[in-house]
Amino acid sequence: MSHGPTILPSKGRCIYCGREGARLTDEHFLPFALGGVHVIAKASCDECADVTKRFEQDVARGMWGDARISYSAPSRRKSQRATHLWVVDAERADRRVKVPYADYPASMVFYKMHRSGFLEGLPATVDTSSAWQFSVIINEKRHAAFEAKYGFKPTHRFRHVPDSFGRLLAKIGYGQVLSSLDPSDFHQVCIPYILGEKRNLSYIVGGIHKIPPPDSLGYVLNTLAFGAPDRLLLIAEIRLYANMHSLQYHVVVGEARGHKGVESVLRKLDGVAEILVGTAHDISVSKRSLHWFPQRWPLPPFE
Ligand SMILES: [Zn+2]
């Protein structure tokens, strides 16, 4: 991931449906609303943009809406934002007070996930997303200040949108891999999940429960390439709001196939990705601790 605003050149067609000749718009693969400054120029057709916009809004407003407003996160419609919200007393549901967003100690919520089904060697039909749990990050200082001023513990509200959250991660991971590769360089496993044609997000999206120390950056994206000389798995590592105690995720974006395909991808990823190519033995000895180490070797085919 490059630091700071980056505009990558257009791929000449829609990166999602592959359509050529349609009107294409610039794609913030990490949504602007979440602080994203990485853009692929002329990358999404209007139809695909409609699809991706829906799940992005679910997350930006439903899960992180109050937090984004209270911490004054970027928005294209900032002037239309609500200035106050009703806050319910956590101990007395009949009591609520209208408070300015600036006083509200909004919490951030993430989903705690296990590793993706693919890395676990599970069939694509096994959906583990029902085990994704909300993990809430509370700002203790602002909480104490709120209680001192209003005399009660505030409640928090979030919408449960696991499907949209998984699709958003898949979209971000795909964009991250496209920052060094072209869509035609690899078999794009993640596309049907982003477009909603396949529903079991837990097959390609997962995480680790251990929370890494906060980073200095707002978000951290990495590409990892893993596999054998004739089959290379492309994985994106994603941490949003990395300057908080946020969770880290991975997305199985796709794979390069055949010796020639793998060689060409490796050349493009040289210096920009963490790469591991070798026999099962080399890999298991050196990197067994990595959370994206696949459980089954050789890798099973994608379903
Ligand atoms: Zn499209």
# chains A, B, ... in the order shown; residues from 1 in each chain; ligands from 1

$ residues_near_ligand --ligand "ligand 1" --cutoff "7 Å" --atoms "only C-alpha atoms and all ligand atoms" --output "list in words"
Cys14, Ile15, Tyr16, Cys17, Gly18, Arg19, Ser44, Cys45, Asp46, Glu47 and Cys48 of chain A

$ closest_atom_pairs --of "region 37-132 of chain A" --to "region 243-266 of chain A" --cutoff "9 Å" --atoms "only C-alpha atoms" --output "JSON lines"
{"residue": "A:Met108", "atom": "CA", "partner": "A:Ser246", "partner_atom": "CA", "distance": 8.6}
{"residue": "A:Val109", "atom": "CA", "partner": "A:Ser246", "partner_atom": "CA", "distance": 8.6}
{"residue": "A:Phe110", "atom": "CA", "partner": "A:Leu247", "partner_atom": "CA", "distance": 7.0}
{"residue": "A:Tyr111", "atom": "CA", "partner": "A:Leu247", "partner_atom": "CA", "distance": 8.0}
{"residue": "A:Lys112", "atom": "CA", "partner": "A:Leu247", "partner_atom": "CA", "distance": 7.3}
{"residue": "A:Met113", "atom": "CA", "partner": "A:Tyr249", "partner_atom": "CA", "distance": 8.1}
{"residue": "A:Arg115", "atom": "CA", "partner": "A:His250", "partner_atom": "CA", "distance": 8.0}
{"residue": "A:Ser116", "atom": "CA", "partner": "A:Val251", "partner_atom": "CA", "distance": 7.7}
{"residue": "A:Phe118", "atom": "CA", "partner": "A:Val252", "partner_atom": "CA", "distance": 7.7}
{"residue": "A:Leu119", "atom": "CA", "partner": "A:Val252", "partner_atom": "CA", "distance": 8.3}

$ closest_atom_pairs --of "region 86-128 of chain A" --to "region 56-66 of chain A" --cutoff "12 Å" --atoms "only C-alpha atoms" --output "Markdown table"
| residue | atom | partner | partner_atom | distance |
| --- | --- | --- | --- | --- |
| A:Trp86 | CA | A:Asp66 | CA | 11.0 |
| A:Val87 | CA | A:Asp66 | CA | 11.0 |
| A:Pro100 | CA | A:Asp66 | CA | 11.3 |
| A:Tyr101 | CA | A:Asp66 | CA | 7.9 |
| A:Ala102 | CA | A:Asp66 | CA | 10.5 |
| A:Asp103 | CA | A:Asp66 | CA | 11.5 |
| A:Tyr104 | CA | A:Asp66 | CA | 8.6 |
| A:Pro105 | CA | A:Asp66 | CA | 9.2 |
| A:Ala106 | CA | A:Asp66 | CA | 6.1 |
| A:Ser107 | CA | A:Asp66 | CA | 8.1 |
| A:Met108 | CA | A:Trp64 | CA | 6.5 |
| A:Val109 | CA | A:Met63 | CA | 6.8 |
| A:Phe110 | CA | A:Met63 | CA | 8.3 |
| A:Tyr111 | CA | A:Met63 | CA | 10.2 |

$ write_last_selection --atoms "N, CA and C atoms" --output "CSV table (one decimal), in the first residue's frame"
chain,number,residue,atom,x,y,z
A,86,TRP,N,-30.7,11.3,19.7
A,86,TRP,CA,-31.4,10.9,20.9
A,86,TRP,C,-30.5,9.8,21.5
A,87,VAL,N,-30.2,9.9,22.8
A,87,VAL,CA,-29.4,8.9,23.5
A,87,VAL,C,-30.2,8.3,24.6
A,100,PRO,N,-25.8,16.8,21.5
A,100,PRO,CA,-25.0,17.1,20.3
A,100,PRO,C,-24.1,15.9,20.0
A,101,TYR,N,-23.9,15.6,18.7
A,101,TYR,CA,-23.0,14.5,18.3
A,101,TYR,C,-21.6,14.7,18.9
A,102,ALA,N,-21.2,16.0,19.1
A,102,ALA,CA,-19.8,16.2,19.6
A,102,ALA,C,-19.6,15.7,21.0
A,103,ASP,N,-20.8,15.6,21.8
A,103,ASP,CA,-20.7,15.1,23.1
A,103,ASP,C,-20.8,13.6,23.2
A,104,TYR,N,-21.3,13.0,22.1
A,104,TYR,CA,-21.7,11.5,22.2
A,104,TYR,C,-20.4,10.7,22.1
A,105,PRO,N,-20.2,9.7,23.0
A,105,PRO,CA,-19.0,8.9,23.0
A,105,PRO,C,-19.2,7.7,22.1
A,106,ALA,N,-19.4,7.9,20.8
A,106,ALA,CA,-19.7,6.8,19.9
A,106,ALA,C,-18.6,5.7,20.0
A,107,SER,N,-19.1,4.5,19.9
A,107,SER,CA,-18.2,3.3,19.9
A,107,SER,C,-18.0,2.9,18.5
A,108,MET,N,-16.9,2.1,18.2
A,108,MET,CA,-16.7,1.5,16.9
A,108,MET,C,-17.0,0.0,17.1
A,109,VAL,N,-17.6,-0.5,16.1
A,109,VAL,CA,-17.9,-1.9,16.1
A,109,VAL,C,-17.3,-2.7,14.9
A,110,PHE,N,-16.8,-3.8,15.2
A,110,PHE,CA,-16.2,-4.7,14.1
A,110,PHE,C,-16.7,-6.1,14.3
A,111,TYR,N,-16.6,-6.9,13.3
A,111,TYR,CA,-16.9,-8.3,13.5
A,111,TYR,C,-15.7,-9.1,13.8

$ select_by_dssp --residues "region 164-237 of chain A" --states "helix (DSSP H, G or I)" --output "count of residues only"
25

$ closest_residue --among "A:Ala67, A:Leu85, A:Leu168, A:Leu201" --to "Ala124 (chain A)" --atoms "only C-alpha atoms"
A:Leu201

$ residues_around --residues "Asp127 (chain A)" --least-positions-apart "5" --cutoff "8 Å" --atoms "only C-alpha atoms" --output "ChimeraX atom specification"
/A:117,200-203

$ residues_around --residues "Leu195 (chain A)" --least-positions-apart "4" --cutoff "10 Å" --atoms "only C-alpha atoms" --output "list in words"
Tyr16, Cys17, Cys48, Ala49, Val51, Thr52, Phe55, Arg167, Ala170, Lys171, Cys190, Ile191 and Arg199 of chain A

$ write_last_selection --atoms "N, CA, C and O atoms" --output "JSON list (two decimals), in the first residue's frame"
[["chain", "number", "residue", "atom", "x", "y", "z"],
["A", 16, "TYR", "N", -15.29, -4.97, -12.23],
["A", 16, "TYR", "CA", -16.18, -5.98, -11.63],
["A", 16, "TYR", "C", -16.81, -6.88, -12.69],
["A", 16, "TYR", "O", -16.70, -8.09, -12.61],
["A", 17, "CYS", "N", -17.50, -6.31, -13.67],
["A", 17, "CYS", "CA", -18.19, -7.15, -14.66],
["A", 17, "CYS", "C", -17.39, -7.30, -15.95],
["A", 17, "CYS", "O", -17.77, -8.09, -16.81],
["A", 48, "CYS", "N", -22.50, -1.66, -11.71],
["A", 48, "CYS", "CA", -21.69, -2.23, -10.61],
["A", 48, "CYS", "C", -21.53, -1.20, -9.49],
["A", 48, "CYS", "O", -21.51, -1.57, -8.32],
["A", 49, "ALA", "N", -21.43, 0.08, -9.86],
["A", 49, "ALA", "CA", -21.30, 1.12, -8.82],
["A", 49, "ALA", "C", -22.54, 1.14, -7.94],
["A", 49, "ALA", "O", -22.45, 1.35, -6.72],
["A", 51, "VAL", "N", -24.38, -1.44, -7.19],
["A", 51, "VAL", "CA", -24.32, -2.61, -6.32],
["A", 51, "VAL", "C", -23.35, -2.36, -5.16],
["A", 51, "VAL", "O", -23.67, -2.60, -3.99],
["A", 52, "THR", "N", -22.17, -1.85, -5.47],
["A", 52, "THR", "CA", -21.17, -1.68, -4.41],
["A", 52, "THR", "C", -21.57, -0.55, -3.45],
["A", 52, "THR", "O", -21.30, -0.63, -2.26],
["A", 55, "PHE", "N", -23.85, -1.82, -0.38],
["A", 55, "PHE", "CA", -23.27, -2.44, 0.82],
["A", 55, "PHE", "C", -22.29, -1.50, 1.53],
["A", 55, "PHE", "O", -22.13, -1.57, 2.74],
["A", 167, "ARG", "N", -18.82, -8.21, 2.12],
["A", 167, "ARG", "CA", -18.69, -7.77, 0.73],
["A", 167, "ARG", "C", -17.80, -6.54, 0.62],
["A", 167, "ARG", "O", -17.01, -6.41, -0.33],
["A", 170, "ALA", "N", -14.30, -7.73, 0.79],
["A", 170, "ALA", "CA", -13.93, -8.38, -0.47],
["A", 170, "ALA", "C", -13.60, -7.31, -1.53],
["A", 170, "ALA", "O", -12.62, -7.42, -2.27],
["A", 171, "LYS", "N", -14.39, -6.26, -1.56],
["A", 171, "LYS", "CA", -14.17, -5.19, -2.53],
["A", 171, "LYS", "C", -12.86, -4.45, -2.27],
["A", 171, "LYS", "O", -12.09, -4.16, -3.19],
["A", 190, "CYS", "N", -13.11, -13.52, -5.98],
["A", 190, "CYS", "CA", -13.93, -12.64, -5.12],
["A", 190, "CYS", "C", -15.08, -11.95, -5.85],
["A", 190, "CYS", "O", -16.02, -11.47, -5.20],
["A", 191, "ILE", "N", -15.05, -11.88, -7.18],
["A", 191, "ILE", "CA", -16.04, -11.08, -7.91],
["A", 191, "ILE", "C", -17.50, -11.49, -7.64],
["A", 191, "ILE", "O", -18.33, -10.65, -7.32],
["A", 199, "ARG", "N", -23.24, -16.00, -1.90],
["A", 199, "ARG", "CA", -23.60, -15.38, -0.64],
["A", 199, "ARG", "C", -22.71, -15.74, 0.54],
["A", 199, "ARG", "O", -22.70, -15.04, 1.53]]

$ decode --residues "region 154-190 of chain A" --atoms "N, CA, C and O atoms" --output "compact mmCIF listing (two decimals), in the first residue's frame"
# COMPACT_ATOMS: atom_id res chain seq x y z
N PRO A 154 -24.60 5.94 28.42
CA PRO A 154 -25.32 5.95 27.14
C PRO A 154 -25.40 4.56 26.49
O PRO A 154 -24.52 3.73 26.70
N THR A 155 -26.45 4.32 25.73
CA THR A 155 -26.52 3.10 24.91
C THR A 155 -25.91 3.38 23.54
O THR A 155 -25.75 4.55 23.15
N HIS A 156 -25.62 2.31 22.84
CA HIS A 156 -25.09 2.45 21.48
C HIS A 156 -25.99 1.69 20.53
O HIS A 156 -26.62 0.72 20.91
N ARG A 157 -26.06 2.16 19.30
CA ARG A 157 -26.90 1.46 18.33
C ARG A 157 -26.08 1.13 17.09
O ARG A 157 -25.31 1.96 16.60
N PHE A 158 -26.23 -0.11 16.65
CA PHE A 158 -25.56 -0.56 15.43
C PHE A 158 -26.52 -1.44 14.66
O PHE A 158 -27.30 -2.17 15.26
N ARG A 159 -26.40 -1.40 13.34
CA ARG A 159 -27.16 -2.38 12.56
C ARG A 159 -26.26 -3.58 12.30
O ARG A 159 -25.06 -3.42 12.05
N HIS A 160 -26.84 -4.76 12.36
CA HIS A 160 -26.11 -6.00 12.13
C HIS A 160 -26.13 -6.28 10.62
O HIS A 160 -27.16 -6.68 10.08
N VAL A 161 -25.01 -6.03 9.96
CA VAL A 161 -24.96 -6.17 8.50
C VAL A 161 -23.75 -7.02 8.07
O VAL A 161 -22.89 -6.56 7.32
N PRO A 162 -23.69 -8.28 8.55
CA PRO A 162 -22.50 -9.10 8.25
C PRO A 162 -22.25 -9.30 6.76
O PRO A 162 -21.10 -9.26 6.31
N ASP A 163 -23.33 -9.49 6.01
CA ASP A 163 -23.17 -9.72 4.58
C ASP A 163 -22.53 -8.50 3.91
O ASP A 163 -21.57 -8.61 3.15
N SER A 164 -23.04 -7.31 4.23
CA SER A 164 -22.49 -6.09 3.65
C SER A 164 -21.05 -5.86 4.09
O SER A 164 -20.21 -5.43 3.31
N PHE A 165 -20.76 -6.16 5.34
CA PHE A 165 -19.40 -5.98 5.84
C PHE A 165 -18.43 -6.90 5.10
O PHE A 165 -17.35 -6.49 4.68
N GLY A 166 -18.83 -8.16 4.92
CA GLY A 166 -17.98 -9.11 4.20
C GLY A 166 -17.77 -8.69 2.76
O GLY A 166 -16.65 -8.78 2.23
N ARG A 167 -18.82 -8.21 2.12
CA ARG A 167 -18.69 -7.77 0.73
C ARG A 167 -17.80 -6.54 0.62
O ARG A 167 -17.01 -6.41 -0.33
N LEU A 168 -17.92 -5.66 1.60
CA LEU A 168 -17.05 -4.48 1.60
C LEU A 168 -15.58 -4.89 1.72
O LEU A 168 -14.73 -4.39 0.98
N LEU A 169 -15.30 -5.84 2.60
CA LEU A 169 -13.91 -6.31 2.73
C LEU A 169 -13.43 -6.93 1.42
O LEU A 169 -12.30 -6.70 0.99
N ALA A 170 -14.30 -7.73 0.79
CA ALA A 170 -13.93 -8.38 -0.47
C ALA A 170 -13.60 -7.31 -1.53
O ALA A 170 -12.62 -7.42 -2.27
N LYS A 171 -14.39 -6.26 -1.56
CA LYS A 171 -14.17 -5.19 -2.53
C LYS A 171 -12.86 -4.45 -2.27
O LYS A 171 -12.09 -4.16 -3.19
N ILE A 172 -12.59 -4.17 -1.01
CA ILE A 172 -11.35 -3.47 -0.65
C ILE A 172 -10.14 -4.35 -0.99
O ILE A 172 -9.15 -3.90 -1.55
N GLY A 173 -10.25 -5.64 -0.67
CA GLY A 173 -9.15 -6.57 -0.94
C GLY A 173 -8.85 -6.68 -2.43
O GLY A 173 -7.70 -6.70 -2.85
N TYR A 174 -9.91 -6.74 -3.21
CA TYR A 174 -9.76 -6.83 -4.68
C TYR A 174 -9.05 -5.57 -5.19
O TYR A 174 -8.10 -5.64 -5.96
N GLY A 175 -9.51 -4.40 -4.73
CA GLY A 175 -8.88 -3.13 -5.14
C GLY A 175 -7.40 -3.10 -4.76
O GLY A 175 -6.55 -2.65 -5.54
N GLN A 176 -7.10 -3.59 -3.59
CA GLN A 176 -5.70 -3.61 -3.14
C GLN A 176 -4.85 -4.46 -4.09
O GLN A 176 -3.77 -4.04 -4.51
N VAL A 177 -5.33 -5.64 -4.47
CA VAL A 177 -4.56 -6.50 -5.38
C VAL A 177 -4.44 -5.84 -6.76
O VAL A 177 -3.39 -5.90 -7.41
N LEU A 178 -5.50 -5.12 -7.18
CA LEU A 178 -5.44 -4.44 -8.48
C LEU A 178 -4.49 -3.24 -8.45
O LEU A 178 -4.19 -2.68 -9.50
N SER A 179 -4.03 -2.83 -7.29
CA SER A 179 -3.07 -1.73 -7.28
C SER A 179 -1.73 -2.20 -7.86
O SER A 179 -0.91 -1.37 -8.24
N SER A 180 -1.50 -3.50 -7.99
CA SER A 180 -0.29 -3.96 -8.70
C SER A 180 -0.58 -4.89 -9.86
O SER A 180 0.29 -5.12 -10.69
N LEU A 181 -1.79 -5.45 -9.95
CA LEU A 181 -2.09 -6.40 -11.02
C LEU A 181 -3.27 -5.92 -11.86
O LEU A 181 -4.04 -5.07 -11.42
N ASP A 182 -3.43 -6.52 -13.04
CA ASP A 182 -4.61 -6.26 -13.87
C ASP A 182 -5.61 -7.40 -13.62
O ASP A 182 -5.21 -8.51 -13.30
N PRO A 183 -6.91 -7.11 -13.84
CA PRO A 183 -7.90 -8.16 -13.60
C PRO A 183 -7.63 -9.43 -14.41
O PRO A 183 -7.93 -10.53 -13.96
N SER A 184 -7.02 -9.29 -15.60
CA SER A 184 -6.80 -10.48 -16.44
C SER A 184 -5.59 -11.30 -16.01
O SER A 184 -5.33 -12.37 -16.56
N ASP A 185 -4.83 -10.80 -15.03
CA ASP A 185 -3.64 -11.54 -14.58
C ASP A 185 -3.98 -12.75 -13.72
O ASP A 185 -3.12 -13.58 -13.46
N PHE A 186 -5.22 -12.80 -13.23
CA PHE A 186 -5.52 -13.88 -12.29
C PHE A 186 -7.00 -14.23 -12.35
O PHE A 186 -7.82 -13.46 -12.85
N HIS A 187 -7.31 -15.41 -11.84
CA HIS A 187 -8.70 -15.87 -11.73
C HIS A 187 -9.32 -15.18 -10.52
O HIS A 187 -8.84 -15.32 -9.39
N GLN A 188 -10.39 -14.41 -10.75
CA GLN A 188 -10.93 -13.54 -9.69
C GLN A 188 -12.01 -14.25 -8.88
O GLN A 188 -13.18 -14.16 -9.20
N VAL A 189 -11.59 -14.89 -7.85
CA VAL A 189 -12.51 -15.66 -7.00
C VAL A 189 -13.52 -14.74 -6.31
O VAL A 189 -14.67 -15.10 -6.08
N CYS A 190 -13.11 -13.52 -5.98
CA CYS A 190 -13.93 -12.64 -5.12
C CYS A 190 -15.08 -11.95 -5.85
O CYS A 190 -16.02 -11.47 -5.20
